[in-house]
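Presented below is the structure to which this report refers.
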Amino acid sequence: GFDISKLRSQTGLVTLDGGFGNTAAYKSAITFLDGEKGILRYRGYPIEQLAERGSFLETAYLLINGELPTVDQLSGFRDDITQHTLLHEDVKRFYDGFPRDAHPMAMLSSVVSALSTFYQDSHNPFDEKQVHLSTIRLLAKLPTIAAYAYKKAIGHPFVYPRNDLGYVENFLRMTFAVPAEEYEINPVVVSALDKLLILHADHEQNCSTSTVRLVGSSQANLFASISAGISALWGPLHGGANQAVLEMLESIQAQGGDVDSFVNKVKNKEDGVKLMGFGHRVYKSFDPRAKIIKAAAHDVLSALGKSDELLDIALKLEERALSDDYFTERKLYPNVDFYTGLIYRAMGFPTTMFTVLFALGRLPGWIAHWTEMIREPGSRIGRPRQIYTGVEIRDYVPVEER
Ligand code: ACO
């Protein structure tokens, strides 16, 4: 009932809510999340159904346009994307300038930001035709940008997109194919990656999505806003957690797989060590995505014929944490990132690419939120208030008298 925005800024009333734990900045019709019950729905569709039966591209269409596409709409969307997968040849030169050991997330956000220099007609956020074109360009080019970042790191020549392939197949080929060698795309990997992208596609007002909205609220263009979202995703408390989980599991493995002493370290908050891949601002029970991904980790590893000692450590760690008061009292459960790294690793991705895969999945969600915000009548620039805690007033003292 009561709409605090009606108060505008006139009353001098300011609420302090660190980390926005209880403050909604927007109304949104995109994603429903119930953290107590562990429910996640995109545009009303349960995540379990989309992951089981849908495809990433139709999920992207759903998030951005509000409805699942018809056969014709989906094939039109797919064709549009397919026609825009190439990068301008000059974009490739950016990669020459990056050091070889550059983190791929840094390359991803830089190159996405640079796209706005190539598409200068796209800067008006109210030009619906241009926004549609930017949407298609981003969805089409992000996998190419990501695959090139990987090729740069390993010193291999870039593999150009091939337009007869599906979205995920094309990405896998650009990433893993070596010129002049046959590359066989494994359907198990394709379907697992497609499912993972669906599960990452949106998660309402998370840190990166809120960033995209906040940057976009100044009416900055879509490329600039998405680039900011990629930067926000990179941090280890957000999308960077998938990389951090794997590094944590490897360090436990190096200590002889001693899960107990690691958990004790976490409980004693030694050196700020956290159980990465556990806990969530909104989920206070099982993250429904983690449930699906845990099952997928088993399936993919066994289909690829890979056993992974790290999976055993992860299972032990989960079991140990879930039977410990420290975690149950704080309602800390595995989140989406706890098992994804193990799947990405089995697929052949290096650890530094994990968060890039998250970005590929989250892109449609970012675009959907940016678009919803821009189209909202009366949408205002995002501008949080503050409680000032500094010195009240003092007189300037010339430098030589200080
Ligand atoms: N390991 C150990 N303790 C934890 C963890 C964890 N992973 N997460 C939270 N806690 C503890 C905190 O220390 C705090 O304990 P205290 O009350 O004794 O001080 C309590 O649980 C509450 O935690 P907050 O930090 O207040 O929770 P918040 O909602 O701010 O943070 C976050 C959520 C960032 C996800 C946190 O749980 C975390 O750092 N997890 C590890 C990183 C991670 O997996 N991030 C991915 C999140 S999902 C995503 O972005 C896709």
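Residue numbering restarts at 1 in every chain; chains get A, B, ... in the order shown in the structure tokens, and ligands count up from 1 in that same order.
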
Test item: residues lying within 8 Å of ligand 1 with only C-alpha atoms and all ligand atoms, as a PyMOL selection string: chain A and resi 19+21+200+206-207+233+236-242+245+266-267+269+273-282+326-327+330-332+334-338

Gln120 (chain A) environment, 12 Å, only C-alpha atoms, sequence neighbours closer than 3 positions dropped, as a PyMOL selection string: chain A and resi 113-117+123-125+130-131+134+221-224

Could I get the residues of region 108-223 of chain A with an atom no further than 12 Å from an atom of region 351-360 of chain A, each paired with its nearest atom pair and that distance in Å to one decimal, using only C-alpha atoms, sorted by chain and residue number, as a tab-separated table?
residue	atom	partner	partner_atom	distance
A:Leu108	CA	A:Val356	CA	7.7
A:Ser109	CA	A:Ala359	CA	9.9
A:Val112	CA	A:Ala359	CA	11.6
A:Leu138	CA	A:Leu360	CA	9.8
A:Leu139	CA	A:Leu360	CA	8.2
A:Ala140	CA	A:Leu360	CA	10.3
A:Lys141	CA	A:Leu360	CA	10.1
A:Leu142	CA	A:Leu360	CA	6.7
A:Pro143	CA	A:Leu360	CA	6.8
A:Thr144	CA	A:Leu360	CA	10.4
A:Ile145	CA	A:Val356	CA	10.0
A:Ala146	CA	A:Val356	CA	6.8
A:Ala147	CA	A:Met353	CA	9.4
A:Tyr148	CA	A:Met353	CA	11.4
A:Ala149	CA	A:Met353	CA	8.9
A:Tyr150	CA	A:Met353	CA	7.4
A:Lys151	CA	A:Met353	CA	11.1
A:Ala153	CA	A:Thr352	CA	10.0
A:Ile154	CA	A:Thr352	CA	11.9
A:Tyr167	CA	A:Leu360	CA	10.9
A:Val168	CA	A:Leu360	CA	10.2
A:Phe171	CA	A:Leu360	CA	10.1
A:Leu172	CA	A:Leu357	CA	11.2
A:Thr175	CA	A:Met353	CA	10.6
A:Leu193	CA	A:Leu357	CA	8.9
A:Asp194	CA	A:Leu360	CA	10.5
A:Lys195	CA	A:Phe358	CA	11.9
A:Leu196	CA	A:Phe358	CA	8.4
A:Leu197	CA	A:Leu360	CA	7.0
A:Ile198	CA	A:Leu360	CA	9.9
A:Leu199	CA	A:Phe358	CA	9.5
A:His200	CA	A:Phe358	CA	6.4
A:Ala201	CA	A:Leu360	CA	8.3
A:Asp202	CA	A:Phe358	CA	10.5
A:His203	CA	A:Phe358	CA	11.8
A:Ser208	CA	A:Ala359	CA	9.7
A:Thr209	CA	A:Ala359	CA	11.0

Print the selection's residues with N, CA and C atoms to a file, as a compact mmCIF listing (two decimals), in the first residue's frame.
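Result saved to selection-v8.txt:
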# COMPACT_ATOMS: atom_id res chain seq x y z
N LEU A 108 36.61 -9.29 -21.08
CA LEU A 108 35.18 -9.31 -21.45
C LEU A 108 34.54 -7.94 -21.22
N SER A 109 34.76 -7.36 -20.04
CA SER A 109 34.10 -6.07 -19.78
C SER A 109 34.70 -4.98 -20.65
N VAL A 112 33.35 -5.43 -24.29
CA VAL A 112 31.92 -5.08 -24.37
C VAL A 112 31.75 -3.56 -24.31
N LEU A 138 24.72 -8.01 -28.66
CA LEU A 138 25.33 -8.48 -27.41
C LEU A 138 25.19 -9.99 -27.26
N LEU A 139 23.98 -10.50 -27.48
CA LEU A 139 23.76 -11.94 -27.34
C LEU A 139 24.63 -12.71 -28.34
N ALA A 140 24.76 -12.15 -29.54
CA ALA A 140 25.52 -12.83 -30.60
C ALA A 140 27.02 -12.77 -30.35
N LYS A 141 27.49 -11.63 -29.88
CA LYS A 141 28.94 -11.41 -29.84
C LYS A 141 29.60 -11.83 -28.53
N LEU A 142 28.82 -11.88 -27.43
CA LEU A 142 29.48 -12.19 -26.15
C LEU A 142 30.20 -13.56 -26.19
N PRO A 143 29.59 -14.61 -26.77
CA PRO A 143 30.33 -15.88 -26.85
C PRO A 143 31.61 -15.75 -27.68
N THR A 144 31.58 -14.95 -28.74
CA THR A 144 32.78 -14.77 -29.56
C THR A 144 33.85 -14.04 -28.74
N ILE A 145 33.44 -12.98 -28.05
CA ILE A 145 34.37 -12.21 -27.21
C ILE A 145 34.99 -13.12 -26.14
N ALA A 146 34.14 -13.96 -25.54
CA ALA A 146 34.60 -14.86 -24.47
C ALA A 146 35.58 -15.90 -25.02
N ALA A 147 35.24 -16.48 -26.16
CA ALA A 147 36.12 -17.51 -26.75
C ALA A 147 37.46 -16.89 -27.14
N TYR A 148 37.45 -15.67 -27.68
CA TYR A 148 38.70 -15.01 -28.06
C TYR A 148 39.57 -14.73 -26.82
N ALA A 149 38.92 -14.41 -25.71
CA ALA A 149 39.68 -14.16 -24.47
C ALA A 149 40.43 -15.43 -24.07
N TYR A 150 39.77 -16.56 -24.25
CA TYR A 150 40.42 -17.84 -23.93
C TYR A 150 41.57 -18.12 -24.87
N LYS A 151 41.32 -17.92 -26.17
CA LYS A 151 42.37 -18.16 -27.18
C LYS A 151 43.58 -17.27 -26.92
N ALA A 153 44.60 -16.17 -24.08
CA ALA A 153 45.33 -16.65 -22.91
C ALA A 153 46.22 -17.85 -23.25
N ILE A 154 45.75 -18.72 -24.17
CA ILE A 154 46.56 -19.90 -24.47
C ILE A 154 47.44 -19.69 -25.70
N TYR A 167 23.87 -22.01 -30.76
CA TYR A 167 24.52 -21.01 -29.91
C TYR A 167 25.66 -21.61 -29.08
N VAL A 168 25.34 -22.70 -28.37
CA VAL A 168 26.33 -23.30 -27.47
C VAL A 168 27.40 -24.05 -28.27
N PHE A 171 29.89 -21.63 -29.60
CA PHE A 171 30.79 -21.14 -28.55
C PHE A 171 31.85 -22.19 -28.21
N LEU A 172 31.41 -23.44 -28.07
CA LEU A 172 32.37 -24.50 -27.73
C LEU A 172 33.42 -24.67 -28.83
N THR A 175 35.89 -21.92 -28.82
CA THR A 175 36.78 -22.02 -27.65
C THR A 175 37.79 -23.15 -27.81
N LEU A 193 25.84 -27.49 -20.80
CA LEU A 193 26.16 -26.06 -20.78
C LEU A 193 24.91 -25.23 -21.04
N ASP A 194 24.06 -25.69 -21.96
CA ASP A 194 22.81 -24.99 -22.24
C ASP A 194 21.97 -24.87 -20.95
N LYS A 195 21.92 -25.99 -20.22
CA LYS A 195 21.15 -26.01 -18.96
C LYS A 195 21.75 -25.04 -17.94
N LEU A 196 23.07 -25.02 -17.86
CA LEU A 196 23.72 -24.12 -16.90
C LEU A 196 23.46 -22.66 -17.27
N LEU A 197 23.47 -22.36 -18.56
CA LEU A 197 23.20 -20.99 -18.98
C LEU A 197 21.77 -20.59 -18.59
N ILE A 198 20.82 -21.51 -18.76
CA ILE A 198 19.43 -21.24 -18.36
C ILE A 198 19.37 -20.92 -16.87
N LEU A 199 20.06 -21.74 -16.07
CA LEU A 199 20.00 -21.57 -14.61
C LEU A 199 20.63 -20.26 -14.14
N HIS A 200 21.52 -19.71 -14.97
CA HIS A 200 22.17 -18.44 -14.59
C HIS A 200 21.49 -17.22 -15.22
N ALA A 201 20.46 -17.44 -16.02
CA ALA A 201 19.97 -16.37 -16.91
C ALA A 201 19.39 -15.15 -16.18
N ASP A 202 18.80 -15.36 -15.02
CA ASP A 202 18.37 -14.17 -14.27
C ASP A 202 18.24 -14.50 -12.80
N HIS A 203 18.38 -13.49 -11.96
CA HIS A 203 18.20 -13.71 -10.53
C HIS A 203 17.82 -12.41 -9.86
N SER A 208 25.16 -7.61 -9.83
CA SER A 208 25.48 -7.18 -11.21
C SER A 208 24.25 -6.62 -11.92
N THR A 209 23.09 -7.21 -11.69
CA THR A 209 21.87 -6.72 -12.34
C THR A 209 21.51 -5.33 -11.81

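Candidate residues A:Glu400, A:Glu182, A:Asp324, A:Asp80 were compared for distance to Asn264 (chain A), and the nearest is A:Asp324, using only C-alpha atoms.
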
Those in region 77-206 of chain A with alpha helix (DSSP H) from DSSP, as a PyMOL selection string: chain A and resi 77-82+89-97+104-118+128-154+167-176+187-200

Residue nearest Gly378 (chain A) - candidates A:Ser191, A:Thr15, A:Thr328, A:Ser217, atoms counted: only C-alpha atoms: A:Ser217

Residue contacts of Ile30 (chain A) (9 Å, only C-alpha atoms) excluding same-chain residues fewer than 2 positions away, as a list in words: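 Once the nearby chain positions are removed, what remains is Ser28, Phe32, Arg41, Tyr42, Arg43, Gly44, Leu63, Ile64, Gly66, Asp202, Glu204, Gly365, Ala368, His369 and Glu372 of chain A.
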
Selected residues written out, N, CA and C atoms, as a short mmCIF file (atom, residue, chain, number, x, y, z; two decimals), in the first residue's frame:
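Generated file (again13.cif):
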data_model
loop_
_atom_site.label_atom_id
_atom_site.label_comp_id
_atom_site.auth_asym_id
_atom_site.auth_seq_id
_atom_site.Cartn_x
_atom_site.Cartn_y
_atom_site.Cartn_z
N SER A 28 9.46 -5.12 -10.51
CA SER A 28 9.89 -5.87 -11.69
C SER A 28 8.96 -7.03 -11.96
N PHE A 32 10.60 -14.11 -10.21
CA PHE A 32 10.05 -14.26 -8.86
C PHE A 32 10.96 -15.19 -8.07
N ARG A 41 11.33 -18.48 -10.37
CA ARG A 41 10.55 -18.55 -11.62
C ARG A 41 10.92 -17.39 -12.52
N TYR A 42 11.11 -17.67 -13.82
CA TYR A 42 11.30 -16.60 -14.80
C TYR A 42 9.96 -16.34 -15.47
N ARG A 43 9.46 -15.12 -15.39
CA ARG A 43 8.19 -14.75 -16.01
C ARG A 43 7.09 -15.76 -15.65
N GLY A 44 7.17 -16.32 -14.45
CA GLY A 44 6.15 -17.26 -13.98
C GLY A 44 6.47 -18.72 -14.22
N LEU A 63 12.84 -13.96 -21.16
CA LEU A 63 13.21 -12.93 -20.19
C LEU A 63 13.09 -11.54 -20.80
N ILE A 64 13.58 -11.40 -22.03
CA ILE A 64 13.65 -10.07 -22.64
C ILE A 64 12.27 -9.62 -23.15
N GLY A 66 9.15 -11.25 -22.45
CA GLY A 66 8.02 -11.50 -21.55
C GLY A 66 7.24 -12.77 -21.83
N ASP A 202 18.80 -15.36 -15.02
CA ASP A 202 18.37 -14.17 -14.27
C ASP A 202 18.24 -14.50 -12.80
N GLU A 204 16.84 -11.79 -10.38
CA GLU A 204 16.31 -10.47 -9.98
C GLU A 204 17.40 -9.48 -9.57
N GLY A 365 19.32 -11.75 -18.70
CA GLY A 365 18.70 -11.14 -17.51
C GLY A 365 19.08 -9.66 -17.41
N ALA A 368 17.16 -7.76 -20.00
CA ALA A 368 15.74 -7.67 -19.66
C ALA A 368 15.51 -6.59 -18.60
N HIS A 369 16.38 -6.55 -17.59
CA HIS A 369 16.21 -5.55 -16.52
C HIS A 369 16.49 -4.14 -17.01
N GLU A 372 13.46 -3.13 -19.05
CA GLU A 372 12.29 -2.88 -18.19
C GLU A 372 12.43 -1.53 -17.50
#

Selected residue of minimal separation from Thr340 (chain A) among A:Arg402, A:Arg289, A:Lys306, A:Arg53, counting only C-alpha atoms: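 Of the candidates, the smallest distance to Thr340 (chain A) is held by A:Arg289.
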
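Residue neighbourhood of Leu74 (chain A), excluding near-sequence residues (fewer than 3 positions): Leu57, Glu58, Tyr61, Pro69, Thr70, Val71, Phe77 and Arg78 of chain A, at 8 Å, using only C-alpha atoms.
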
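Put simply, CA of Ile136 (chain A) is 23.5 Å away from CA of Ala192 (chain A).
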